[in-house]
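Trainee: The structure file structure-v2.tsv (TSV, C-alpha atoms and all ligand atoms) is provided below.
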```
chain	number	residue	atom	x	y	z
O	1	MET	CA	110.47	120.03	47.05
O	2	THR	CA	108.48	123.19	46.34
O	3	ARG	CA	106.70	123.31	42.99
O	4	LEU	CA	107.00	126.32	40.70
O	5	SER	CA	103.80	127.64	39.13
O	6	VAL	CA	104.48	130.37	36.59
O	7	ASN	CA	101.96	133.21	36.54
O	8	ILE	CA	101.52	134.26	32.90
O	9	ASN	CA	99.49	137.44	33.51
O	10	LYS	CA	102.35	139.62	32.35
O	11	LEU	CA	102.60	137.78	29.02
O	12	ALA	CA	98.93	138.59	28.50
O	13	THR	CA	99.59	142.25	29.38
O	14	LEU	CA	102.19	142.37	26.62
O	15	ARG	CA	99.92	140.63	24.14
O	16	ASN	CA	97.04	142.98	24.88
O	17	ALA	CA	99.22	146.05	24.31
O	18	ARG	CA	98.94	145.64	20.51
O	19	GLY	CA	95.66	143.77	20.21
O	20	GLY	CA	97.18	140.85	18.31
O	21	ASN	CA	98.44	137.49	19.51
O	22	GLN	CA	102.06	138.17	20.39
O	23	PRO	CA	103.26	136.66	22.59
O	24	ASP	CA	101.06	133.65	21.98
O	25	LEU	CA	99.91	132.44	25.40
O	26	ILE	CA	99.26	128.91	24.20
O	27	LYS	CA	102.78	128.54	22.82
O	28	SER	CA	104.29	130.26	25.87
O	29	THR	CA	102.43	127.93	28.21
O	30	ARG	CA	103.65	124.87	26.33
O	31	ASP	CA	107.21	126.22	26.41
O	32	ILE	CA	107.07	127.13	30.11
O	33	GLU	CA	105.97	123.60	30.91
O	34	ALA	CA	108.61	122.13	28.59
O	35	PHE	CA	111.23	124.21	30.45
O	36	GLY	CA	110.24	122.43	33.65
O	37	ALA	CA	107.65	124.59	35.44
O	38	GLN	CA	105.27	122.44	37.42
O	39	GLY	CA	102.24	124.67	37.10
O	40	ILE	CA	100.60	127.57	35.31
O	41	THR	CA	98.82	130.32	37.24
O	42	ILE	CA	96.47	132.92	35.83
O	43	HIS	CA	94.65	135.70	37.63
O	44	PRO	CA	91.81	136.99	35.46
O	45	ARG	CA	90.51	140.34	36.64
O	46	PRO	CA	87.07	141.72	35.81
O	47	ASP	CA	88.51	144.38	33.46
O	48	GLU	CA	90.45	141.65	31.57
O	49	ARG	CA	93.46	143.92	31.37
O	50	HIS	CA	95.74	140.92	31.15
O	51	ILE	CA	94.36	137.38	31.24
O	52	ARG	CA	90.89	137.24	29.69
O	53	TYR	CA	88.17	134.83	30.69
O	54	GLN	CA	88.47	133.25	27.23
O	55	ASP	CA	92.19	132.60	27.89
O	56	ALA	CA	91.20	130.48	30.87
O	57	ARG	CA	88.92	128.40	28.64
O	58	ASP	CA	91.58	128.09	25.92
O	59	LEU	CA	94.32	127.11	28.34
O	60	LYS	CA	92.35	124.34	30.00
O	61	SER	CA	93.19	121.79	27.29
O	62	VAL	CA	96.77	123.07	26.95
O	63	VAL	CA	98.06	122.93	30.53
O	64	THR	CA	99.42	119.48	31.31
O	65	THR	CA	100.91	120.31	34.71
O	66	GLU	CA	98.82	122.04	37.39
O	67	PHE	CA	96.38	124.74	36.36
O	68	ASN	CA	95.76	127.33	39.08
O	69	ILE	CA	93.20	130.11	38.62
O	70	GLU	CA	93.33	132.99	41.09
O	71	GLY	CA	90.85	135.73	41.68
O	72	ASN	CA	88.14	137.39	43.69
O	73	PRO	CA	85.17	135.02	43.78
O	74	ILE	CA	82.64	137.37	42.24
O	75	PRO	CA	79.82	135.49	40.43
O	76	SER	CA	81.41	135.68	36.95
O	77	PHE	CA	84.72	134.36	38.32
O	78	CYS	CA	82.99	131.49	40.12
O	79	ASP	CA	81.08	130.57	36.96
O	80	LEU	CA	84.32	130.60	34.96
O	81	VAL	CA	86.16	128.38	37.45
O	82	LEU	CA	83.26	125.92	37.62
O	83	GLU	CA	83.20	125.79	33.81
O	84	VAL	CA	86.98	125.40	33.33
O	85	LYS	CA	87.57	123.17	36.35
O	86	PRO	CA	91.26	123.92	36.97
O	87	ASP	CA	93.27	121.78	39.38
O	88	GLN	CA	93.27	124.56	41.94
O	89	VAL	CA	91.40	127.79	42.58
O	90	THR	CA	93.00	130.46	44.78
O	91	LEU	CA	90.61	133.00	46.29
O	92	VAL	CA	92.03	136.53	46.48
O	93	PRO	CA	90.12	139.51	47.96
O	94	ASP	CA	91.34	142.06	45.42
O	95	ALA	CA	89.24	145.10	44.56
O	96	PRO	CA	88.36	145.49	40.85
O	97	ASP	CA	90.50	148.63	40.59
O	98	ALA	CA	93.52	147.21	42.46
O	99	ILE	CA	96.76	147.50	40.48
O	100	THR	CA	97.68	144.11	41.89
O	101	SER	CA	96.70	141.99	44.87
O	102	ASN	CA	97.38	143.96	48.03
O	103	ALA	CA	96.01	142.02	51.02
O	104	GLY	CA	94.94	138.61	52.24
O	105	TRP	CA	91.47	137.64	53.41
O	106	ASP	CA	90.12	138.35	56.84
O	107	THR	CA	89.13	134.72	57.23
O	108	ARG	CA	87.17	135.35	60.43
O	109	LYS	CA	85.06	138.18	59.06
O	110	HIS	CA	84.36	136.40	55.76
O	111	GLN	CA	84.17	132.91	57.24
O	112	LYS	CA	80.63	132.02	56.07
O	113	HIS	CA	81.13	133.52	52.59
O	114	LEU	CA	84.35	131.55	52.12
O	115	GLN	CA	82.81	128.35	53.52
O	116	ASP	CA	80.01	128.48	50.95
O	117	ILE	CA	82.29	129.17	47.99
O	118	ILE	CA	84.81	126.55	49.01
O	119	ALA	CA	82.13	123.92	49.42
O	120	THR	CA	80.92	124.69	45.88
O	121	PHE	CA	84.39	124.38	44.34
O	122	LYS	CA	85.25	121.25	46.29
O	123	ALA	CA	81.98	119.62	45.22
O	124	SER	CA	83.28	120.11	41.65
O	125	GLY	CA	86.57	118.40	42.50
O	126	ILE	CA	88.65	121.60	42.47
O	127	ARG	CA	91.35	122.01	45.13
O	128	THR	CA	90.97	125.29	46.99
O	129	SER	CA	93.44	127.78	48.41
O	130	ILE	CA	92.83	131.06	50.24
O	131	PHE	CA	95.19	134.04	49.96
O	132	VAL	CA	96.12	135.22	53.48
O	133	ASP	CA	98.59	137.49	55.20
O	134	PRO	CA	101.23	135.72	57.32
O	135	ASP	CA	99.04	135.85	60.42
O	136	PRO	CA	98.59	132.56	62.33
O	137	GLU	CA	95.09	133.60	63.41
O	138	MET	CA	94.02	134.11	59.79
O	139	VAL	CA	95.59	130.77	58.86
O	140	ARG	CA	93.75	128.94	61.65
O	141	ALA	CA	90.44	130.57	60.71
O	142	ALA	CA	91.08	129.59	57.08
O	143	ALA	CA	91.07	125.95	58.16
O	144	ASP	CA	87.51	126.43	59.46
O	145	THR	CA	86.34	127.36	55.95
O	146	GLY	CA	87.16	123.84	54.74
O	147	THR	CA	89.87	124.98	52.32
O	148	ASP	CA	92.63	122.57	51.32
O	149	ARG	CA	95.40	125.14	51.34
O	150	VAL	CA	96.34	128.73	52.06
O	151	GLU	CA	98.57	130.93	49.92
O	152	LEU	CA	100.72	133.28	52.01
O	153	TYR	CA	100.86	136.82	50.60
O	154	THR	CA	104.61	137.41	50.36
O	155	GLU	CA	104.80	141.12	49.44
O	156	SER	CA	105.95	142.05	52.97
O	157	TYR	CA	108.66	139.37	52.81
O	158	ALA	CA	109.94	140.62	49.46
O	159	THR	CA	110.04	144.21	50.68
O	160	ALA	CA	111.84	143.43	53.94
O	161	PHE	CA	114.22	140.76	52.59
O	162	PRO	CA	117.05	142.99	51.32
O	163	ALA	CA	117.55	144.67	54.72
O	164	ASP	CA	117.00	141.71	57.07
O	165	ALA	CA	116.32	138.28	55.61
O	166	GLU	CA	115.75	136.61	58.99
O	167	ALA	CA	113.23	139.19	60.21
O	168	ALA	CA	111.52	139.13	56.82
O	169	VAL	CA	110.86	135.41	56.86
O	170	LEU	CA	109.96	134.97	60.54
O	171	PRO	CA	106.20	135.74	60.24
O	172	PHE	CA	106.01	133.34	57.30
O	173	ARG	CA	107.73	130.55	59.21
O	174	LYS	CA	105.19	131.02	62.02
O	175	ALA	CA	102.29	131.11	59.58
O	176	GLY	CA	103.63	127.96	57.92
O	177	GLU	CA	103.80	126.22	61.28
O	178	ALA	CA	100.22	127.30	62.02
O	179	ALA	CA	99.10	125.86	58.69
O	180	ALA	CA	100.82	122.55	59.39
O	181	ALA	CA	99.25	122.42	62.87
O	182	VAL	CA	95.72	122.66	61.44
O	183	GLY	CA	96.44	120.35	58.49
O	184	LEU	CA	96.43	122.96	55.71
O	185	GLY	CA	98.65	122.73	52.64
O	186	LEU	CA	100.89	125.74	52.08
O	187	ASN	CA	101.41	127.86	48.97
O	188	ALA	CA	102.99	131.32	48.70
O	189	GLY	CA	103.27	134.10	46.20
O	190	HIS	CA	103.63	137.77	45.30
O	191	ASP	CA	106.84	139.60	44.48
O	192	LEU	CA	108.99	136.50	44.88
O	193	ASN	CA	112.08	136.60	42.69
O	194	LEU	CA	115.41	134.92	41.99
O	195	ASP	CA	117.12	136.79	44.83
O	196	ASN	CA	114.64	136.05	47.61
O	197	ILE	CA	113.14	132.66	46.69
O	198	ALA	CA	115.80	130.25	47.97
O	199	TRP	CA	115.83	131.69	51.50
O	200	PHE	CA	112.04	131.65	51.65
O	201	ALA	CA	111.78	128.03	50.50
O	202	GLN	CA	114.53	126.98	52.88
O	203	GLU	CA	113.05	128.72	55.91
O	204	VAL	CA	109.32	128.09	55.55
O	205	PRO	CA	108.45	124.49	56.43
O	206	GLY	CA	106.10	122.48	54.24
O	207	LEU	CA	105.99	124.91	51.32
O	208	LEU	CA	104.21	123.02	48.54
O	209	GLU	CA	104.03	125.62	45.77
O	210	VAL	CA	105.07	129.13	44.83
O	211	SER	CA	103.41	131.12	42.06
O	212	ILE	CA	105.67	133.69	40.46
O	213	GLY	CA	104.89	136.05	37.62
O	214	HIS	CA	106.01	139.65	37.57
O	215	ALA	CA	109.67	139.16	38.53
O	216	LEU	CA	110.08	135.96	36.53
O	217	ILE	CA	108.90	137.59	33.31
O	218	CYS	CA	111.11	140.65	33.99
O	219	GLU	CA	114.13	138.39	34.64
O	220	ALA	CA	113.34	136.50	31.43
O	221	ILE	CA	113.74	139.72	29.41
O	222	TYR	CA	117.44	139.51	30.19
O	223	ASP	CA	118.10	135.78	30.50
O	224	GLY	CA	115.29	134.07	28.60
O	225	LEU	CA	112.44	131.97	29.96
O	226	GLU	CA	114.26	128.64	29.76
O	227	SER	CA	117.26	129.79	31.73
O	228	VAL	CA	115.21	131.69	34.33
O	229	ILE	CA	112.86	128.77	34.96
O	230	ALA	CA	115.88	126.47	35.35
O	231	ALA	CA	117.34	128.90	37.88
O	232	TYR	CA	114.12	128.91	39.93
O	233	LEU	CA	113.90	125.12	39.86
O	234	LYS	CA	117.48	124.88	41.12
O	235	LYS	CA	116.75	127.27	43.99
O	236	LEU	CA	113.59	125.37	44.92
O	237	SER	CA	115.14	121.87	44.83
L	301	LIG	C1	97.56	136.75	44.17
L	301	LIG	C2	98.78	137.40	43.69
L	301	LIG	O1	99.56	137.89	44.44
L	301	LIG	C3	99.05	137.42	42.24
L	301	LIG	O2	98.08	136.78	41.51
L	301	LIG	C4	99.18	138.78	41.75
L	301	LIG	O3	98.09	139.49	42.20
L	301	LIG	C5	99.29	138.81	40.26
L	301	LIG	O4	98.30	139.59	39.70
L	301	LIG	P1	98.72	140.77	38.69
L	301	LIG	O5	99.49	140.13	37.60
L	301	LIG	O6	97.42	141.35	38.26
L	301	LIG	O7	99.56	141.72	39.49
L	302	LIG	N1	99.97	134.20	43.53
L	302	LIG	C1	101.04	135.06	43.21
L	302	LIG	C2	101.28	135.07	41.77
L	302	LIG	O1	100.63	134.38	41.02
L	302	LIG	C3	102.34	135.88	41.18
L	302	LIG	O2	102.53	137.10	41.81
L	302	LIG	P1	103.70	138.03	41.23
L	302	LIG	O3	104.94	137.17	41.16
L	302	LIG	O4	103.28	138.47	39.86
L	302	LIG	O5	103.84	139.14	42.23
```
What do you get writing this file as structure tokens?
Ligand SMILES: CC(=O)[C@@H](O)[C@H](O)COP(=O)(O)O
Ligand SMILES: NCC(=O)COP(=O)(O)O
Mentor:
Amino acid sequence: MTRLSVNINKLATLRNARGGNQPDLIKSTRDIEAFGAQGITIHPRPDERHIRYQDARDLKSVVTTEFNIEGNPIPSFCDLVLEVKPDQVTLVPDAPDAITSNAGWDTRKHQKHLQDIIATFKASGIRTSIFVDPDPEMVRAAADTGTDRVELYTESYATAFPADAEAAVLPFRKAGEAAAAVGLGLNAGHDLNLDNIAWFAQEVPGLLEVSIGHALICEAIYDGLESVIAAYLKKLS
């Protein structure tokens, strides 16, 4: 079974639009978990345009499933993660001005940097994951950093899926096999949605967790959070 972690960045974007507290992230998180999601993901960015660092602190005592914090491990992010101590930290090499995450790590080039950061997080009892493209070489080099897991960056899958589902998933199946061969746990995320998730979960071996935000919140505008989360859980079972 693949676990569903709901990324609530987009709820924070909506809240920030008016400066008040609607939607209330604490209530939304409790509801999302009550509707069956098995994790909550946040991706605080330095400009705090959606999730703020204070949200991470506030959510720590609210999340009862798995709390996953994603981001570029700049010093302020590392300090936040070490303070909040989520269940999992996912390292993403996104530039401060990126609209959204747009690439995985070069785990060879940044090997020493990643090794140091991962050792620090693991010493604090936090599970680590590294965001990578579906490239077996990058997956194998990720294992040398000491990370527990990798998260496959699925934007290319989501883009290619409508035209050719088999070709779209093939690099991810190979990357998943590479992860299994070096003993890494496997997560995936970015642009996954209700149309493409079942095929991905079926075809990629050993998929432990998907984090889904943008599409899930958009789908919930039409069908409601409870119904959309139930639909994802059915496709992932
Ligand atoms: C790592 C990843 O793919 C997601 O965290 C994605 O970047 C969501 O971030 P935004 O909500 O800022 O697009
Ligand atoms: N790690 C991916 C994530 O949290 C959600 O990405 P998206 O579904 O908002 O593209």
Trainee: Please check which protein, DNA or RNA residues sit within 6 Å of ligand LIG 302 (chain L), counting all atoms listed in the file, and write them as a PyMOL selection string.
Mentor: chain O and resi 7+41+189-192+211-215
Trainee: May I ask which of the residues O:Asn9, O:Ser237, O:Gln54, O:Thr107 is the closest one to ligand LIG 301 (chain L), counting only C-alpha atoms and all ligand atoms?
Mentor: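 Closest residue, counting only C-alpha atoms and all ligand atoms: O:Asn9.
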Trainee: Distance atom CA of O:Glu203-atom CA of O:Ala175, one decimal place?
Mentor: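 For atom CA of O:Glu203 relative to atom CA of O:Ala175, the distance reads 11.6 Å.
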Trainee: Place a sphere of radius 12 Å on (102.8, 126.3, 26.8) in the file coordinates and name every protein, DNA or RNA residue with an atom inside or on its surface, counting only C-alpha atoms; give the answer as JSON, numbers by chain.
Mentor: {"O": [6, 7, 8, 11, 23, 24, 25, 26, 27, 28, 29, 30, 31, 32, 33, 34, 35, 36, 37, 38, 39, 40, 41, 58, 59, 60, 61, 62, 63, 64, 65, 67, 225]}
Trainee: Counting only C-alpha atoms, figure out which residue out of O:Val89, O:Ala168, O:Leu194, O:Ala158 gets nearest to O:Ala231.
Mentor: O:Leu194
Trainee: Using all atoms of ligand LIG 301 (chain L) that appear in the file, construct an axis-aligned enclosing box with 8 Å of padding on every side and provide its centre coordinates and edge lengths in Å, rounded to one decimal, as lines of an AutoDock Vina configuration file.
Mentor:
```
center_x = 98.5
center_y = 139.2
center_z = 41.0
size_x = 18.1
size_y = 21.0
size_z = 22.8
```
